[in-house]
file data33.cif (mmCIF, C-alpha atoms)
data_coords
#
loop_
_atom_site.label_atom_id
_atom_site.label_comp_id
_atom_site.auth_asym_id
_atom_site.auth_seq_id
_atom_site.Cartn_x
_atom_site.Cartn_y
_atom_site.Cartn_z
CA MET Y 1101 -12.91 -19.25 -9.28
CA SER Y 1102 -10.38 -19.21 -12.12
CA SER Y 1103 -7.14 -17.24 -11.80
CA THR Y 1104 -8.30 -15.01 -14.68
CA LEU Y 1105 -11.50 -13.97 -12.88
CA ALA Y 1106 -9.68 -13.43 -9.58
CA CYS Y 1107 -7.01 -11.35 -11.28
CA ARG Y 1108 -9.61 -9.26 -13.11
CA ARG Y 1109 -11.62 -8.65 -9.94
CA HIS Y 1110 -8.65 -7.48 -7.87
CA CYS Y 1111 -7.31 -5.37 -10.72
CA VAL Y 1112 -10.61 -3.48 -10.60
CA SER Y 1113 -9.93 -2.85 -6.90
CA LEU Y 1114 -6.58 -1.31 -7.83
CA TYR Y 1115 -8.12 0.79 -10.59
CA SER Y 1116 -10.28 2.60 -8.04
CA TYR Y 1117 -7.04 4.13 -6.74
CA LEU Y 1118 -6.29 5.71 -10.12
CA GLY Y 1119 -9.36 7.95 -10.07
CA PRO Y 1120 -9.74 11.33 -8.34
CA ASP Y 1121 -12.03 9.87 -5.67
CA PHE Y 1122 -9.03 8.08 -4.20
CA VAL Y 1123 -7.72 11.45 -3.02
CA THR Y 1124 -10.93 13.37 -2.42
CA GLU Y 1125 -12.52 10.56 -0.38
CA GLY Y 1126 -9.35 9.84 1.59
CA ARG Y 1127 -9.05 6.16 0.72
CA SER Y 1128 -5.98 4.27 1.89
CA LEU Y 1129 -4.26 1.09 0.75
CA ILE Y 1130 -1.95 -1.61 2.10
CA LEU Y 1131 -0.01 -3.64 -0.48
CA TYR Y 1132 1.35 -6.85 1.05
CA GLY Y 1133 3.64 -9.46 -0.44
CA LYS Y 1134 7.10 -10.95 -0.50
CA THR Y 1135 9.99 -9.02 -2.00
CA GLY Y 1136 9.90 -8.47 -5.75
CA ARG Y 1137 6.11 -8.66 -6.11
CA GLY Y 1138 5.70 -5.08 -7.36
CA LYS Y 1139 4.44 -3.40 -4.21
CA THR Y 1140 6.62 -0.29 -4.47
CA HIS Y 1141 6.06 -0.07 -8.22
CA LEU Y 1142 2.29 0.00 -7.76
CA ALA Y 1143 2.41 2.44 -4.82
CA VAL Y 1144 4.62 4.89 -6.71
CA ALA Y 1145 2.46 4.56 -9.82
CA ILE Y 1146 -0.66 5.49 -7.84
CA GLY Y 1147 1.17 8.42 -6.26
CA TYR Y 1148 2.42 9.57 -9.66
CA ARG Y 1149 -1.09 9.37 -11.09
CA ALA Y 1150 -2.24 11.71 -8.31
CA ILE Y 1151 0.58 14.13 -9.19
CA GLN Y 1152 -0.54 14.13 -12.82
CA LYS Y 1153 -3.95 15.36 -11.67
CA GLY Y 1154 -2.55 18.20 -9.59
CA PHE Y 1155 -2.21 16.57 -6.18
CA GLU Y 1156 0.98 16.45 -4.11
CA THR Y 1157 2.49 13.07 -3.24
CA LEU Y 1158 5.26 12.29 -0.76
CA CYS Y 1159 7.07 8.95 -0.95
CA THR Y 1160 9.20 7.81 1.97
CA THR Y 1161 10.24 4.58 3.64
CA ALA Y 1162 8.89 3.54 7.03
CA ALA Y 1163 12.44 3.59 8.41
CA GLU Y 1164 13.02 7.18 7.25
CA LEU Y 1165 9.68 8.36 8.62
CA VAL Y 1166 10.18 6.73 12.01
CA GLU Y 1167 13.77 7.95 12.34
CA GLU Y 1168 12.92 11.54 11.41
CA LEU Y 1169 9.96 11.75 13.78
CA SER Y 1170 11.75 9.92 16.60
CA ASN Y 1171 14.66 12.35 16.44
CA ALA Y 1172 12.27 15.30 16.33
CA SER Y 1173 10.35 13.96 19.33
CA LYS Y 1174 13.56 13.68 21.37
CA LYS Y 1175 14.31 17.33 20.58
CA GLY Y 1176 10.76 18.47 21.37
CA HIS Y 1177 9.93 19.26 17.73
CA LEU Y 1178 7.52 16.43 16.92
CA GLN Y 1179 4.58 18.65 15.94
CA GLU Y 1180 6.71 20.68 13.54
CA SER Y 1181 8.14 17.56 11.89
CA LEU Y 1182 4.68 16.01 11.57
CA LEU Y 1183 3.76 18.78 9.11
CA THR Y 1184 6.14 17.23 6.57
CA PHE Y 1185 3.97 14.14 6.46
CA MET Y 1186 0.65 15.95 6.82
CA ARG Y 1187 0.88 18.48 3.98
CA PRO Y 1188 0.95 16.15 0.94
CA HIS Y 1189 -2.42 14.99 -0.39
CA VAL Y 1190 -1.03 11.43 -0.75
CA LEU Y 1191 1.53 9.78 1.52
CA VAL Y 1192 3.34 6.61 0.39
CA VAL Y 1193 5.11 4.72 3.20
CA ASP Y 1194 7.28 1.98 1.73
CA GLU Y 1195 8.81 -1.14 3.28
CA VAL Y 1196 6.98 -1.46 6.60
CA GLY Y 1197 8.69 -4.35 8.37
CA TYR Y 1198 11.83 -4.60 6.28
CA LEU Y 1199 14.11 -2.99 8.88
CA THR Y 1200 14.06 -2.78 12.67
CA TYR Y 1201 12.75 0.39 14.32
CA GLY Y 1202 13.27 2.12 17.63
CA PRO Y 1203 10.94 1.48 20.59
CA ASP Y 1204 8.77 4.53 19.80
CA ALA Y 1205 8.02 3.47 16.21
CA ALA Y 1206 4.34 2.78 16.84
CA ASN Y 1207 3.91 6.04 18.72
CA VAL Y 1208 5.27 8.32 15.98
CA LEU Y 1209 3.60 6.38 13.17
CA PHE Y 1210 0.27 6.58 14.99
CA HIS Y 1211 0.54 10.38 15.08
CA VAL Y 1212 0.91 10.45 11.29
CA VAL Y 1213 -1.85 7.93 10.59
CA ASN Y 1214 -4.34 9.39 13.06
CA ASN Y 1215 -3.86 12.98 11.87
CA ARG Y 1216 -4.16 12.04 8.21
CA HIS Y 1217 -7.16 9.81 8.92
CA LEU Y 1218 -9.00 12.65 10.65
CA ARG Y 1219 -8.29 14.92 7.68
CA ARG Y 1220 -9.29 12.21 5.17
CA ARG Y 1221 -5.87 12.26 3.51
CA PRO Y 1222 -4.97 8.97 1.79
CA MET Y 1223 -2.05 6.75 2.73
CA ILE Y 1224 -0.43 3.87 0.85
CA PHE Y 1225 1.69 1.34 2.72
CA THR Y 1226 3.81 -1.48 1.31
CA THR Y 1227 4.85 -4.31 3.60
CA ASN Y 1228 6.33 -7.79 3.58
CA LYS Y 1229 4.76 -8.59 6.93
CA PRO Y 1230 1.20 -9.90 7.50
CA LEU Y 1231 -0.98 -7.52 9.47
CA SER Y 1232 -0.88 -9.83 12.47
CA GLU Y 1233 2.86 -9.12 12.81
CA TRP Y 1234 2.72 -5.32 12.71
CA GLY Y 1235 2.54 -5.23 16.51
CA LYS Y 1236 5.91 -7.00 16.75
CA VAL Y 1237 7.40 -4.84 14.01
CA LEU Y 1238 6.30 -1.59 15.69
CA HIS Y 1239 6.87 -2.82 19.29
CA ASP Y 1240 3.28 -2.15 20.39
CA GLU Y 1241 0.36 -4.46 19.65
CA ASP Y 1242 -2.33 -2.00 20.74
CA LEU Y 1243 -1.02 0.95 18.75
CA ALA Y 1244 -0.43 -1.26 15.71
CA ALA Y 1245 -4.06 -2.36 15.89
CA ALA Y 1246 -5.16 1.28 16.15
CA ILE Y 1247 -3.03 2.21 13.15
CA LEU Y 1248 -4.46 -0.58 10.99
CA ASP Y 1249 -7.99 0.20 12.14
CA ARG Y 1250 -7.69 3.76 10.85
CA VAL Y 1251 -5.89 2.88 7.62
CA LEU Y 1252 -8.41 0.19 6.66
CA GLU Y 1253 -11.59 2.02 7.69
CA ARG Y 1254 -11.63 3.68 4.26
CA GLY Y 1255 -8.99 1.46 2.71
CA ARG Y 1256 -8.12 -1.87 1.18
CA PHE Y 1257 -5.65 -4.67 1.84
CA ILE Y 1258 -4.30 -6.35 -1.29
CA HIS Y 1259 -2.02 -9.38 -1.30
CA LEU Y 1260 0.39 -9.49 -4.25
CA ASP Y 1261 1.48 -13.02 -5.08
CA GLY Y 1262 3.39 -14.84 -7.82
CA PRO Y 1263 7.10 -15.06 -8.60
CA SER Y 1264 9.54 -12.26 -7.84
CA GLY Y 1265 9.76 -9.79 -10.69
CA ARG Y 1266 13.50 -9.48 -10.08
CA THR Y 1267 14.37 -13.18 -10.35
CA ARG Y 1268 11.54 -14.70 -12.38
CA HIS Y 1269 13.90 -15.16 -15.34
CA LEU Y 1270 15.82 -17.69 -13.24
CA ASN Y 1271 12.78 -19.99 -12.85
CA LEU Y 1272 13.45 -20.45 -9.14
CA GLU Y 1273 9.89 -21.47 -8.32
CA GLU Y 1274 9.05 -25.15 -8.08
CA ALA Y 1275 7.08 -26.40 -11.04
CA LEU Y 1276 3.35 -26.48 -10.43
CA PRO Y 1277 1.40 -29.73 -10.94
CA ALA Y 1278 -0.20 -30.05 -14.35
CA GLY Y 1279 -3.49 -28.18 -14.63
CA SER Y 1280 -2.99 -26.17 -11.44
CA GLU Y 1281 -3.74 -22.45 -11.36
CA ARG Y 1282 -1.99 -19.65 -9.49
CA LEU Y 1283 -3.68 -16.45 -8.39
CA ARG Y 1284 -1.46 -13.48 -9.14
CA ILE Y 1285 -3.35 -11.11 -6.87
CA SER Y 1286 -5.52 -11.88 -3.90
CA GLY Y 1287 -7.23 -9.50 -1.50
CA ILE Y 1288 -10.64 -8.24 -0.45
CA ASN Y 1289 -13.35 -9.64 -2.71
CA GLY Y 1290 -14.97 -7.25 -5.13
CA SER Y 1291 -14.92 -3.46 -5.17
CA GLU Y 1292 -17.25 -1.23 -3.19
CA PHE Y 1293 -16.52 1.65 -5.57
CA SER Y 1294 -17.88 1.75 -9.10
CA GLU Y 1295 -15.32 2.35 -11.83
CA PRO Y 1296 -14.82 1.67 -15.54
CA THR Y 1297 -13.11 -1.49 -16.73
CA PRO Y 1298 -9.49 -0.50 -17.12
CA MET Y 1299 -6.88 -0.75 -20.20
CA GLY Y 1300 -3.38 -2.01 -20.53
CA ILE Y 1301 -2.35 -3.40 -17.14
CA HIS Y 1302 -0.24 -6.56 -17.02
CA ILE Y 1303 -0.31 -8.67 -13.86
CA GLY Y 1304 1.37 -12.02 -13.79
CA SER Y 1305 0.31 -13.87 -16.94
CA GLU Y 1306 -2.84 -11.77 -17.44
CA THR Y 1307 -3.11 -8.68 -19.63
CA LEU Y 1308 -6.33 -6.73 -19.13
CA SER Y 1309 -7.81 -3.99 -21.29
CA ARG Y 1310 -9.38 -0.81 -19.95
CA SER Y 1311 -10.87 2.51 -20.94
CA PRO Y 1312 -9.02 5.68 -19.79
CA PHE Y 1313 -9.62 7.12 -16.32
CA TRP Y 1314 -10.57 10.72 -15.67
#

call {"tool": "encode", "arguments": {"input": "data33.cif", "output": "structure tokens"}}
result
Amino acid sequence: MSSTLACRRHCVSLYSYLGPDFVTEGRSLILYGKTGRGKTHLAVAIGYRAIQKGFETLCTTAAELVEELSNASKKGHLQESLLTFMRPHVLVVDEVGYLTYGPDAANVLFHVVNNRHLRRRPMIFTTNKPLSEWGKVLHDEDLAAAILDRVLERGRFIHLDGPSGRTRHLNLEEALPAGSERLRISGINGSEFSEPTPMGIHIGSETLSRSPFW
């Protein structure tokens, strides 16, 4: 498959998160990639799109979420603090795996994910760690598996690749062999949700055209 076709296919997967069904159907999303690949940019853009249509979005980092809920749990106020992360229609949790967390990280994050999953409220996670390492990051393999199971039941995992957007002007990447192709986005094949072909998104070296959503 050419890089153009792969890019177009996975862009369509992202476009499904710009429509109202993303919120009403409780879909979730994990954006994975090295630093500078646009994970936070895409997550915030999806959250902002939801705000434009009248939904509430909360953006936080994984470290902030874990610290706030861990402190609340120690004081016996976990349920009250959970409401902060339950009320918004869309929850964006940025930078899973970038910093170290306390020993109860998996426990408090599971409370958030499980409660939102049961209420069909969407979650967007960005991470620089493969899913197989979330157990080490959160200090509990079983709870990490349970978290991912709930997030991905109605969600997608998308791998963002290519050069860092922050340092691409420095040409730090090794030159590719002549005629080789690089996939800018890789993830789950195809889209299970029907949507129009989108307009004006630029990913890597590909610029795609689309018709407006909503």

call {"tool": "residues_around", "arguments": {"input": "data33.cif", "residues": "Phe1122 (chain Y)", "least_positions_apart": "6", "cutoff": "10 Å", "atoms": "all atoms listed in the file", "output": "list in words"}}
result
Tyr1115, Ser1116, Ser1128, Leu1129, Ile1146, Ala1150, Val1190, Arg1221, Pro1222, Met1223, Arg1254, Gly1255 and Phe1293 of chain Y

call {"tool": "residues_around", "arguments": {"input": "data33.cif", "residues": "Ala1244 (chain Y)", "least_positions_apart": "5", "cutoff": "10 Å", "atoms": "all atoms listed in the file", "output": "PDB file with C-alpha atoms, in the frame of the given file"}}
result
ATOM      1  CA  ALA Y1205       8.020   3.470  16.210  1.00  0.00           C
ATOM      2  CA  ALA Y1206       4.340   2.780  16.840  1.00  0.00           C
ATOM      3  CA  ASN Y1207       3.910   6.040  18.720  1.00  0.00           C
ATOM      4  CA  LEU Y1209       3.600   6.380  13.170  1.00  0.00           C
ATOM      5  CA  PHE Y1210       0.270   6.580  14.990  1.00  0.00           C
ATOM      6  CA  LEU Y1231      -0.980  -7.520   9.470  1.00  0.00           C
ATOM      7  CA  SER Y1232      -0.880  -9.830  12.470  1.00  0.00           C
ATOM      8  CA  GLU Y1233       2.860  -9.120  12.810  1.00  0.00           C
ATOM      9  CA  TRP Y1234       2.720  -5.320  12.710  1.00  0.00           C
ATOM     10  CA  GLY Y1235       2.540  -5.230  16.510  1.00  0.00           C
ATOM     11  CA  LYS Y1236       5.910  -7.000  16.750  1.00  0.00           C
ATOM     12  CA  VAL Y1237       7.400  -4.840  14.010  1.00  0.00           C
ATOM     13  CA  LEU Y1238       6.300  -1.590  15.690  1.00  0.00           C
ATOM     14  CA  HIS Y1239       6.870  -2.820  19.290  1.00  0.00           C
ATOM     15  CA  ASP Y1249      -7.990   0.200  12.140  1.00  0.00           C
TER      16      ASP Y1249
END

call {"tool": "atom_distance", "arguments": {"input": "data33.cif", "atom1": "CA of Ala1246 (chain Y)", "atom2": "CA of Asn1215 (chain Y)"}}
result
12.5 Å

call {"tool": "residues_near_point", "arguments": {"input": "data33.cif", "point": "(15.3, 0.0, 15.4)", "cutoff": "12 Å", "atoms": "all atoms listed in the file", "output": "list in words"}}
result
Ala1162, Ala1163, Glu1164, Val1166, Glu1167, Ser1170, Gly1197, Tyr1198, Leu1199, Thr1200, Tyr1201, Gly1202, Pro1203, Asp1204, Ala1205, Ala1206, Lys1236, Val1237, Leu1238 and His1239 of chain Y

call {"tool": "resolve_selection", "arguments": {"input": "data33.cif", "expression": "the PyMOL selection byres ((chain Y and resi 1141) around 12)", "output": "VMD selection string"}}
result
chain Y and resid 1131 1135 to 1140 1142 to 1148 1159 1192 1194 to 1195 1224 to 1226 1260 1265

call {"tool": "atom_distance", "arguments": {"input": "data33.cif", "atom1": "CA of Leu1178 (chain Y)", "atom2": "CA of Thr1160 (chain Y)"}}
result
17.3 Å

call {"tool": "closest_residue", "arguments": {"input": "data33.cif", "among": "Y:Ser1181, Y:Gly1119, Y:Thr1227, Y:Asn1171", "to": "His1259 (chain Y)", "atoms": "only C-alpha atoms"}}
result
Y:Thr1227

call {"tool": "closest_residue", "arguments": {"input": "data33.cif", "among": "Y:Thr1124, Y:Ser1113, Y:Asn1271, Y:Gln1179", "to": "Phe1155 (chain Y)", "atoms": "only C-alpha atoms"}}
result
Y:Thr1124

call {"tool": "atom_distance", "arguments": {"input": "data33.cif", "atom1": "CA of Gly1126 (chain Y)", "atom2": "CA of Phe1185 (chain Y)"}}
result
14.8 Å

call {"tool": "closest_residue", "arguments": {"input": "data33.cif", "among": "Y:Thr1184, Y:Arg1256, Y:His1189, Y:Thr1161", "to": "Pro1120 (chain Y)", "atoms": "all atoms listed in the file"}}
result
Y:His1189

call {"tool": "closest_residue", "arguments": {"input": "data33.cif", "among": "Y:Glu1241, Y:Glu1156, Y:Glu1253, Y:Asp1261", "to": "Leu1218 (chain Y)", "atoms": "all atoms listed in the file"}}
result
Y:Glu1253
